[in-house]
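What follows is one structure encoded as structure tokens, with my remarks underneath.
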Amino acid sequence: SNITAGELLDSVAVTKTATARTYAPGDLITYIVTVSNNGAAAVSGVTVTEDLGAYEQAGQLLYPLEYVEGSLLYYVDGVPCEPPAAAADAPLEVSGIDLAAGSSLMLIYAARVTGDAPLGPDAQIVNTTSAMCSCMTEPATASAAVAMESEVSLTISKALTPLTSAGCSRITYTFVIQNTGTAEASAEDGVTVTDTFEPRLT
């Protein structure tokens with residue numbers, strides 16, 4: 001008897017790049033996904049699925065990204081083509097893709113950061129794109145990670161009581177300072193508040 005072993009490789013491969021390194025709520029992030037057929041035969045009926053960073057919390061599936069409808073660009077071997085119909089509901093899905101041997105497909109699309117995006121100093125959005133067809137044993141996948149933007153964003157508002165006053169009376173100014181950013185404003189940051197009175201008050 002004689003035994004030999006070999007490895008069966010799927011011909012479809014996926015790569016993925018995010019154009020942004022950091023995010024804040026409401027930001028737009030553009031993703032570039034390349035699906036390549038490295039085999040010697042054509043593949044048909046490929047479905048590309050983008051999970052939009054889905055994660056589960058308290059038994060509920062949350063999506064930190066939302067596909068921007070109409071943003072999908074579709075290139076076959078570098079030539080722009082009309083994209084197949086894309087299911088805009090989460091997860092994003094593009095189906096009915098045919099790839100000749102040695103051919104590659106590039107998908108470019110935009111996604112908006114939603115209110116379900118993770119927050120905190122170590123937060124990040126990790127979203128995965130997969131490609132699958134009937135001739136494949138398992139999906140080809142690629143992921144991209146974008147970290148939460150760490151910044152201080154200060155706003156200030158001012159109120160006066162009473163709005164009308166006579167000379168030699170007391171008036172009160174109230175300041176509200178808020179940090180709507182994602183990083184702490186500490187004493188080391190040297191935050192100061194200044195106010196200018198015209199005319200000068202005592």
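Here, A, B, ... name the chains of the structure tokens in the order displayed, residue numbers run from 1 inside each chain, and ligands are numbered from 1 in the same displayed order.
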Non-local contacts of segment 12-20 of chain A (8 Å; only C-alpha atoms; under 2 positions in same chain excluded) as a VMD selection string: chain A and resid 10 22 to 23 29 to 39 129 to 131 140 to 146
Deliver the residues from the most recent selection as a file, using N, CA, C and O atoms, as a compact mmCIF listing (two decimals), in the first residue's frame.
```txt
# COMPACT_ATOMS: atom_id res chain seq x y z
N ASP A 10 -8.84 26.75 -1.13
CA ASP A 10 -9.83 27.50 -1.89
C ASP A 10 -9.13 28.56 -2.72
O ASP A 10 -8.13 29.17 -2.30
N THR A 22 -8.78 56.07 13.26
CA THR A 22 -9.56 56.31 14.47
C THR A 22 -10.98 56.72 14.08
O THR A 22 -11.24 57.09 12.94
N TYR A 23 -11.89 56.63 15.04
CA TYR A 23 -13.29 57.00 14.80
C TYR A 23 -13.85 57.76 15.97
O TYR A 23 -13.38 57.66 17.12
N ILE A 29 -16.39 56.12 7.56
CA ILE A 29 -15.18 55.34 7.31
C ILE A 29 -15.35 54.64 5.97
O ILE A 29 -16.38 54.01 5.72
N THR A 30 -14.35 54.77 5.12
CA THR A 30 -14.37 54.10 3.82
C THR A 30 -13.55 52.81 3.90
O THR A 30 -12.43 52.81 4.42
N TYR A 31 -14.12 51.73 3.37
CA TYR A 31 -13.46 50.42 3.36
C TYR A 31 -13.19 50.00 1.92
O TYR A 31 -14.00 50.24 1.02
N ILE A 32 -12.04 49.37 1.73
CA ILE A 32 -11.66 48.83 0.42
C ILE A 32 -11.47 47.33 0.59
O ILE A 32 -10.62 46.87 1.36
N VAL A 33 -12.27 46.55 -0.12
CA VAL A 33 -12.23 45.09 -0.04
C VAL A 33 -11.87 44.54 -1.42
O VAL A 33 -12.47 44.93 -2.43
N THR A 34 -10.89 43.65 -1.46
CA THR A 34 -10.49 43.00 -2.71
C THR A 34 -10.76 41.51 -2.60
O THR A 34 -10.33 40.86 -1.64
N VAL A 35 -11.50 40.98 -3.57
CA VAL A 35 -11.78 39.55 -3.65
C VAL A 35 -11.08 39.03 -4.90
O VAL A 35 -11.35 39.47 -6.01
N SER A 36 -10.16 38.09 -4.72
CA SER A 36 -9.34 37.58 -5.83
C SER A 36 -9.62 36.10 -6.06
O SER A 36 -9.82 35.33 -5.12
N ASN A 37 -9.66 35.73 -7.33
CA ASN A 37 -9.74 34.32 -7.73
C ASN A 37 -8.35 33.89 -8.19
O ASN A 37 -7.94 34.20 -9.31
N ASN A 38 -7.64 33.20 -7.34
CA ASN A 38 -6.28 32.79 -7.63
C ASN A 38 -6.20 31.41 -8.28
O ASN A 38 -5.10 30.88 -8.48
N GLY A 39 -7.36 30.83 -8.58
CA GLY A 39 -7.39 29.49 -9.15
C GLY A 39 -7.31 29.50 -10.67
O GLY A 39 -7.26 30.55 -11.32
N THR A 129 -15.28 41.03 6.59
CA THR A 129 -15.89 40.77 5.29
C THR A 129 -15.57 39.33 4.89
O THR A 129 -14.43 38.88 5.03
N SER A 130 -16.58 38.61 4.42
CA SER A 130 -16.39 37.22 4.01
C SER A 130 -16.91 37.04 2.59
O SER A 130 -17.84 37.72 2.16
N ALA A 131 -16.27 36.10 1.87
CA ALA A 131 -16.70 35.74 0.52
C ALA A 131 -16.93 34.24 0.49
O ALA A 131 -16.10 33.46 0.98
N ALA A 140 -13.86 32.74 2.76
CA ALA A 140 -12.61 33.49 2.85
C ALA A 140 -12.93 34.81 3.55
O ALA A 140 -13.90 35.48 3.19
N THR A 141 -12.15 35.17 4.57
CA THR A 141 -12.49 36.33 5.39
C THR A 141 -11.30 37.28 5.52
O THR A 141 -10.14 36.89 5.37
N ALA A 142 -11.61 38.52 5.82
CA ALA A 142 -10.60 39.53 6.15
C ALA A 142 -11.25 40.56 7.08
O ALA A 142 -12.44 40.86 6.94
N SER A 143 -10.49 41.06 8.04
CA SER A 143 -11.02 42.01 9.02
C SER A 143 -10.20 43.29 9.03
O SER A 143 -9.03 43.31 8.61
N ALA A 144 -10.82 44.36 9.52
CA ALA A 144 -10.14 45.64 9.71
C ALA A 144 -10.53 46.20 11.07
O ALA A 144 -11.69 46.09 11.48
N ALA A 145 -9.55 46.76 11.78
CA ALA A 145 -9.80 47.33 13.10
C ALA A 145 -9.52 48.82 13.08
O ALA A 145 -8.50 49.27 12.55
N VAL A 146 -10.45 49.59 13.65
CA VAL A 146 -10.31 51.04 13.77
C VAL A 146 -10.50 51.40 15.23
O VAL A 146 -11.50 51.00 15.85
```
Which of chain A DSSP labels strand (DSSP E), written as a PyMOL selection string: chain A and resi 12-18+22-23+28-37+43-50+55-57+60-62+65-67+73-76+79-81+86-87+92-99+104-113+124-132+140-148+154-161+172-179
Spatial neighbours of Glu151 of chain A, max dist 10 Å, only C-alpha atoms, sep filter under 3 positions, as a PyMOL selection string: chain A and resi 24+121+148+154+179-185
Near-Cys133 of chain A list (12 Å; only C-alpha atoms; drop same-chain fewer than 5 positions) as a VMD selection string: chain A and resid 10 to 13 37 42 to 49 95 to 99 138 to 140
Residues near segment 106-115 of chain A, cut-off 6 Å, only C-alpha atoms, skip fewer than 5 positions along chain, as a PyMOL selection string: chain A and resi 25-34+64-68+71-75
Go ahead and save the picked residues with N, CA, C and O atoms, as a PDB file, in the first residue's frame.
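Listed below is the output, result08.pdb:
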```
ATOM      1  N   PRO A  25     -18.144  59.027  17.128  1.00  0.00           N
ATOM      2  CA  PRO A  25     -19.540  58.832  16.722  1.00  0.00           C
ATOM      3  C   PRO A  25     -19.932  59.767  15.583  1.00  0.00           C
ATOM      4  O   PRO A  25     -19.644  60.962  15.609  1.00  0.00           O
ATOM      5  N   GLY A  26     -20.570  59.191  14.542  1.00  0.00           N
ATOM      6  CA  GLY A  26     -21.016  59.966  13.396  1.00  0.00           C
ATOM      7  C   GLY A  26     -20.019  60.036  12.265  1.00  0.00           C
ATOM      8  O   GLY A  26     -20.360  60.520  11.178  1.00  0.00           O
ATOM      9  N   ASP A  27     -18.793  59.576  12.491  1.00  0.00           N
ATOM     10  CA  ASP A  27     -17.778  59.622  11.440  1.00  0.00           C
ATOM     11  C   ASP A  27     -18.134  58.690  10.284  1.00  0.00           C
ATOM     12  O   ASP A  27     -18.841  57.692  10.459  1.00  0.00           O
ATOM     13  N   LEU A  28     -17.606  59.012   9.104  1.00  0.00           N
ATOM     14  CA  LEU A  28     -17.699  58.139   7.943  1.00  0.00           C
ATOM     15  C   LEU A  28     -16.359  57.434   7.748  1.00  0.00           C
ATOM     16  O   LEU A  28     -15.311  58.082   7.776  1.00  0.00           O
ATOM     17  N   ILE A  29     -16.392  56.122   7.559  1.00  0.00           N
ATOM     18  CA  ILE A  29     -15.183  55.342   7.310  1.00  0.00           C
ATOM     19  C   ILE A  29     -15.346  54.636   5.970  1.00  0.00           C
ATOM     20  O   ILE A  29     -16.378  54.008   5.718  1.00  0.00           O
ATOM     21  N   THR A  30     -14.346  54.768   5.118  1.00  0.00           N
ATOM     22  CA  THR A  30     -14.366  54.096   3.818  1.00  0.00           C
ATOM     23  C   THR A  30     -13.554  52.813   3.896  1.00  0.00           C
ATOM     24  O   THR A  30     -12.434  52.806   4.422  1.00  0.00           O
ATOM     25  N   TYR A  31     -14.123  51.732   3.368  1.00  0.00           N
ATOM     26  CA  TYR A  31     -13.457  50.424   3.365  1.00  0.00           C
ATOM     27  C   TYR A  31     -13.194  49.997   1.925  1.00  0.00           C
ATOM     28  O   TYR A  31     -14.001  50.236   1.025  1.00  0.00           O
ATOM     29  N   ILE A  32     -12.044  49.365   1.730  1.00  0.00           N
ATOM     30  CA  ILE A  32     -11.664  48.827   0.423  1.00  0.00           C
ATOM     31  C   ILE A  32     -11.470  47.326   0.588  1.00  0.00           C
ATOM     32  O   ILE A  32     -10.620  46.873   1.364  1.00  0.00           O
ATOM     33  N   VAL A  33     -12.273  46.550  -0.118  1.00  0.00           N
ATOM     34  CA  VAL A  33     -12.230  45.094  -0.044  1.00  0.00           C
ATOM     35  C   VAL A  33     -11.869  44.544  -1.417  1.00  0.00           C
ATOM     36  O   VAL A  33     -12.465  44.932  -2.428  1.00  0.00           O
ATOM     37  N   THR A  34     -10.888  43.650  -1.461  1.00  0.00           N
ATOM     38  CA  THR A  34     -10.493  43.002  -2.705  1.00  0.00           C
ATOM     39  C   THR A  34     -10.759  41.508  -2.596  1.00  0.00           C
ATOM     40  O   THR A  34     -10.333  40.863  -1.637  1.00  0.00           O
ATOM     41  N   PRO A  64     -22.118  48.667  15.202  1.00  0.00           N
ATOM     42  CA  PRO A  64     -21.433  49.956  15.352  1.00  0.00           C
ATOM     43  C   PRO A  64     -21.254  50.702  14.043  1.00  0.00           C
ATOM     44  O   PRO A  64     -20.867  51.862  14.052  1.00  0.00           O
ATOM     45  N   LEU A  65     -21.517  50.046  12.922  1.00  0.00           N
ATOM     46  CA  LEU A  65     -21.402  50.681  11.615  1.00  0.00           C
ATOM     47  C   LEU A  65     -22.713  50.548  10.860  1.00  0.00           C
ATOM     48  O   LEU A  65     -23.432  49.558  11.014  1.00  0.00           O
ATOM     49  N   GLU A  66     -23.001  51.554  10.024  1.00  0.00           N
ATOM     50  CA  GLU A  66     -24.191  51.536   9.170  1.00  0.00           C
ATOM     51  C   GLU A  66     -23.766  51.841   7.736  1.00  0.00           C
ATOM     52  O   GLU A  66     -23.130  52.876   7.480  1.00  0.00           O
ATOM     53  N   TYR A  67     -24.070  50.938   6.827  1.00  0.00           N
ATOM     54  CA  TYR A  67     -23.710  51.143   5.426  1.00  0.00           C
ATOM     55  C   TYR A  67     -24.381  52.386   4.874  1.00  0.00           C
ATOM     56  O   TYR A  67     -25.576  52.610   5.084  1.00  0.00           O
ATOM     57  N   VAL A  68     -23.610  53.230   4.182  1.00  0.00           N
ATOM     58  CA  VAL A  68     -24.155  54.423   3.537  1.00  0.00           C
ATOM     59  C   VAL A  68     -24.707  53.999   2.181  1.00  0.00           C
ATOM     60  O   VAL A  68     -23.950  53.669   1.264  1.00  0.00           O
ATOM     61  N   SER A  71     -23.249  54.163  -1.712  1.00  0.00           N
ATOM     62  CA  SER A  71     -21.819  54.483  -1.719  1.00  0.00           C
ATOM     63  C   SER A  71     -20.958  53.401  -2.360  1.00  0.00           C
ATOM     64  O   SER A  71     -19.766  53.606  -2.581  1.00  0.00           O
ATOM     65  N   LEU A  72     -21.541  52.251  -2.693  1.00  0.00           N
ATOM     66  CA  LEU A  72     -20.766  51.114  -3.186  1.00  0.00           C
ATOM     67  C   LEU A  72     -20.204  51.372  -4.580  1.00  0.00           C
ATOM     68  O   LEU A  72     -20.934  51.713  -5.511  1.00  0.00           O
ATOM     69  N   LEU A  73     -18.883  51.216  -4.712  1.00  0.00           N
ATOM     70  CA  LEU A  73     -18.199  51.259  -6.002  1.00  0.00           C
ATOM     71  C   LEU A  73     -17.660  49.857  -6.288  1.00  0.00           C
ATOM     72  O   LEU A  73     -17.214  49.153  -5.377  1.00  0.00           O
ATOM     73  N   TYR A  74     -17.661  49.466  -7.557  1.00  0.00           N
ATOM     74  CA  TYR A  74     -17.429  48.068  -7.946  1.00  0.00           C
ATOM     75  C   TYR A  74     -16.469  48.050  -9.131  1.00  0.00           C
ATOM     76  O   TYR A  74     -16.770  48.609 -10.188  1.00  0.00           O
ATOM     77  N   TYR A  75     -15.288  47.453  -8.928  1.00  0.00           N
ATOM     78  CA  TYR A  75     -14.273  47.394  -9.984  1.00  0.00           C
ATOM     79  C   TYR A  75     -13.886  45.938 -10.236  1.00  0.00           C
ATOM     80  O   TYR A  75     -13.619  45.187  -9.291  1.00  0.00           O
TER      81      TYR A  75
END
```
9 Å contact set for Leu160 of chain A, only C-alpha atoms, chain neighbours under 3 positions out, as a PyMOL selection string: chain A and resi 163+171-174
Same residues, N, CA and C atoms, output as a PDB file, in the first residue's frame:
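again01.pdb, written as the output of this step:
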```
ATOM      1  N   LEU A 163     -30.861  89.402  34.584  1.00  0.00           N
ATOM      2  CA  LEU A 163     -30.512  89.944  33.277  1.00  0.00           C
ATOM      3  C   LEU A 163     -30.510  91.469  33.282  1.00  0.00           C
ATOM      4  N   ILE A 171     -24.560  90.857  40.695  1.00  0.00           N
ATOM      5  CA  ILE A 171     -24.977  89.980  39.591  1.00  0.00           C
ATOM      6  C   ILE A 171     -24.142  88.697  39.646  1.00  0.00           C
ATOM      7  N   THR A 172     -24.738  87.608  39.164  1.00  0.00           N
ATOM      8  CA  THR A 172     -24.088  86.298  39.233  1.00  0.00           C
ATOM      9  C   THR A 172     -23.902  85.737  37.838  1.00  0.00           C
ATOM     10  N   TYR A 173     -22.688  85.316  37.540  1.00  0.00           N
ATOM     11  CA  TYR A 173     -22.388  84.624  36.284  1.00  0.00           C
ATOM     12  C   TYR A 173     -22.210  83.140  36.567  1.00  0.00           C
ATOM     13  N   THR A 174     -22.823  82.318  35.736  1.00  0.00           N
ATOM     14  CA  THR A 174     -22.697  80.861  35.884  1.00  0.00           C
ATOM     15  C   THR A 174     -22.093  80.292  34.608  1.00  0.00           C
TER      16      THR A 174
END
```
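Atom pair atom CA of Glu149 of chain A / atom CA of Ile177 of chain A: separated by 20.9 Å.
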Option closest in space to Ile125 of chain A, from A:Gly53, A:Gly6, A:Pro199, A:Gly70 [counting only C-alpha atoms]: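 Residue with the minimum atom-to-atom distance to Ile125 of chain A: A:Gly53.
Coordinates place atom CA of Ser104 of chain A at a distance of 17.7 Å from atom CA of Glu50 of chain A.
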